Amino acid sequence: MSREPLAKSYAPREFEQRWYSFWEERGFFKADNASPKPVFSIVIPPPNVTGSLHMGHALQHTLHDILVRWKRMKGCNTLWLPGTDHASIAVHYVLDKQFEAAGKDRFKMGRDEFMRTAWEWKKTSGGTILNQMRRMGVSCDWSRERFTMDEQLSRAVVEVFVRLYEQGLIYRGEYIVNWCPRCKTAISDLEVVYNPSRGHLWHIKYPIVGADGKASGRLTVATTRPETMLGDTAVAVHPDDERYAHLVGGKVLLPVANREIPIIADGFVDREFGTGVVKVTPAHDANDYEAGIRNGLDKITVIDDAGVMTEAAGEYKGLDRYECRRLLVERLEKEGFLEKVEEYDHNVGQCDRCSAVVEPKISIQWYLKVATLAKPAIEAVEDGRIRFVPDNFKKRYFEWMYNIHDWCISRQLWWGHRIPAWYCDVCGKIVVAREEPANCPTCGAGLRAEEDILDTWFSSALWPFSTLGWPEDTDDLATFYPTDTLITGPDIIFFWVARMIMMGLKFTGDIPFSQVHINGIVRDEHGHKMSKTKGNIIEPLQLIDEYGADAVRFTLSSMAVPGTDIPFSSKRMKGYSDFANKVWNAARFVLMNLREEDDAGGFAEAAAIDGLVAARRDAMPLEDLWILHRMNQTAAGVSEALDKFRFHEASALIYQFFWHELCDWYIELVKPVLTDPDAPEAERAPRIRVLLHVLDYALRMLHPFMPFITEEIWQKLPHQGESLMMAAFPEARAALDNPGAAQKMQDLMELIGDIRTLRAKMNINPKQPLKACLSAEAEGAQALVEQNLARLLALTRLEAVEFRDAVPDGWLRGVSRLGSFGLDVPVADVAAARKRFQDEIKKLKAEIEKVSRKLDSPDFVARAPKEIVDENRSRFEEMTEKCKKLENNLEQLPSA
RNA sequence: GGGCGGUUAGCUCAGCGGCAGAGCAUCGGUCUUACACACCGAGGGCCACAGGUUCGAACCCUGUACCGCCCACCA
């Protein structure tokens, strides 16, 4: 095998897409519904077809892909099912804008033409986000891509609707709903977002009609929406309010409209608010609507579907609601009905999608009774069959589920699943059926199809099983349902997660997933929400262009603490991009120094290395034993962290291991062997095996996080198998555990660190070759240093180390755990040296004082766990000893 | 009005009973032939405040103060 060296600089654009195509063409992403392997399955939270990749997607796709690649490498039959959501309102919004620009109108063009246009749009633009996802490196099974309006998924929707209707859980009725006058459809409670807004509170005087039919005094009502007074059908006071008790049963004259309306008593009135009198407009306020029903009031609709005043508004007919408000207030003031106007802060409900101010409106809609579905869904979380990560999000879930209201599921839109209902205009029969009925089953007349479609979230609620073929009894469903993990944001726990749990339990009898991982929201570097108006949006695709997908993924993963928002900054981004560069260069260095002999395929495989360690354990260099031990621990730690969705922890473990252990120490230590062209093969080969094995396994650990760079490198290394993504993820191997070697290495590294610190602190030119001495006081210290002398000299740039009982006078002195050491340099600045020792002693003494106080406390010794006490004892001894040595060194300094 | 979360190094955040951590920034030194996107060092903390529990608290409990988020029909 001939090897091409890695390119001189890390240029992710050169290879990222190449490897993606490679993986996809080889079918590595595909799940197998006949495999005997353990299953791991995830369905994607389907992005809107109108969507384009934002940081939230980038985060979720990264986390999904890390889990999926990790499980795949762990030997699972892994499915990640991709797809998109038809997003009724969003599509309408996009198309409406296009129509507007072209001077068209969907109501004029008609339903059929609109739907043709919409499908056409979906065909050309609906795949944008999926292609953007590919750039992230997602390992989705594209052969199973789904769309919520696919023929099969639509069948599932109809099936669910019909069954729910047959069981009496879906009903149709007239109620007050949230109406968006821009989208011209009803929306559910969840789709209304309340934003604080500075408004006014108008105090309007309604003349009281006396017994004689003439005005006798006035009642003042306060309202934020004066235009609705045209639809008032009563004023109300609290039943126990003594101020107004005598008026109840009487009437007031509604100004402008000049209608007499009753004064009623109803408990919903708050006596403390305003004057304690409230105008009642049943057609335009949810509370008033309820009060209207309780009191048998009329409902007068004065605002229409588009937010325009109706016939019932009299002379204001045809005006926009806000224009009407302005004119009406003007007139009330002129005619003396306006008592005062106050500034008033209150919440205004706006449409989630288009931000238009929502208008409560009476209309006939379809509803789903959720209470019976909610019960088992609550139980599934209560008994732990479904777990939230972090756990406290279940509180939010419970809070909503316990107070759940019926769900308005009909929408007056066209793009979506049409409600499978037909009306007989002759006998009034409503038919709900799977197939369109020919005519009325009761009277035989022709039928009229329902115009409304379903709320988009209705089909989303079925996603985990509809995508797998339900209601058919498919192999996919049997194999991959229930899915394992759902990763999603906190914003759609109610919209989506809760409803999936309800529908999944109802129709499959099983939970849709067992874990719900709630990720945080990606914010800007100051923790502010990203928004177009703030102009602080970061585009993931731009980041990928600049830094590569691997660096973006690793950054997001490093910051992904469950349930915690992510302040994303380009500084952090750069840090992890540097990490990718580090990985690249480490690999390049190794590759540069390989020989032809190193190409033998599997020589760095796990079994071979385990065998090597077993056979040569005592003869192996310390750093080899150490790095294998650390690799082993890191692999175990990464899997443990990923098991708990602690992506930030897993990332940190690999980062630390790869950069600060593998690169900073291990590669530096093997450098002499690696780069020496004359090194005998017998000595070199076993070292290279270990190096290549550790590098290979480090790449495996890193692969779920940084799939592209690891594949690019791995393919150039001697390896077995077609692709890194199909290689085994490192498992902890008992053969590699070696805490003894790790401790020795630790001591050695500490000695090297102490020598370096001393040089740096005393400002000695790093290039200056020095002699050193060590009084090896710790047990085994001399042997350890002797055996690793070459390494020590190389890393400290010393030329020799002698073992002496005492540091000669006049040398620079230092103290390490292994013993006191000295450097053969004249102590130029005695005062500085003295101060260094004094500072160190002072610090150490404070520490000793703390520990000894602890040890002196009888309570501590008696009640703390034994290992803690022992730990403190040995720490105390160690510190005291070191302190003695430091003091000794201080004494031996020549006096200034 | 209810509920949840946050307050730790200059900045952004981990840690959540037993020696206060990371990345970036700062300071000093090195072009040591993988990487200056690097290397070697250093400095920097009453863990918001006040009580309590504990042998021991950044961590558990109670309260206070700010800051976020979620839910709720007060016109």
# chains A, B, ... in the order shown; residues from 1 in each chain; ligands from 1
call {"tool": "interface_residues", "arguments": {"of": "chain B", "to": "chain A", "cutoff": "6 Å", "atoms": "only C-alpha atoms (C1' of nucleotides)", "output": "ChimeraX atom specification"}}
result
/B:34-35,37,41,55,73,75
call {"tool": "residues_around", "arguments": {"residues": "A:Ala606", "least_positions_apart": "5", "cutoff": "12 Å", "atoms": "only C-alpha atoms (C1' of nucleotides)", "output": "PyMOL selection string"}}
result
chain A and resi 611-613+628+632+689-690+692-694+696-697+719-720+727-736
call {"tool": "select_by_dssp", "arguments": {"residues": "stretch 62-248 of chain A", "states": "strand (DSSP E)", "output": "JSON, numbers by chain"}}
result
{"A": [77, 78, 79, 80, 81, 83, 84, 146, 147, 170, 171, 172, 173, 174, 175, 176, 177, 178, 179, 180, 185, 186, 187, 192, 193, 194, 195, 196, 197, 198, 199, 200, 201, 202, 203, 204, 205, 206, 207, 208, 209, 215, 216, 217, 218, 219, 220, 221, 222, 223, 234, 235, 236, 237]}
call {"tool": "closest_residue", "arguments": {"among": "A:Gly314, A:Cys424, A:Arg523, A:His405", "to": "B:U12", "atoms": "only C-alpha atoms (C1' of nucleotides)"}}
result
A:Arg523
call {"tool": "residues_around", "arguments": {"residues": "A:Met503", "least_positions_apart": "5", "cutoff": "8 Å", "atoms": "only C-alpha atoms (C1' of nucleotides)", "output": "list of chain:residue names"}}
result
A:Leu373, A:Ala461, A:Leu462
call {"tool": "residues_around", "arguments": {"residues": "A:His57", "least_positions_apart": "5", "cutoff": "12 Å", "atoms": "only C-alpha atoms (C1' of nucleotides)", "output": "MDAnalysis selection string"}}
result
chainID A and resid 44:48 51:52 62:65 129:130 132:133 136 138 487:489 519:522 539:541 553 556
call {"tool": "atom_distance", "arguments": {"atom1": "atom CA of A:Glu359", "atom2": "atom CA of A:Glu450"}}
result
23.5 Å
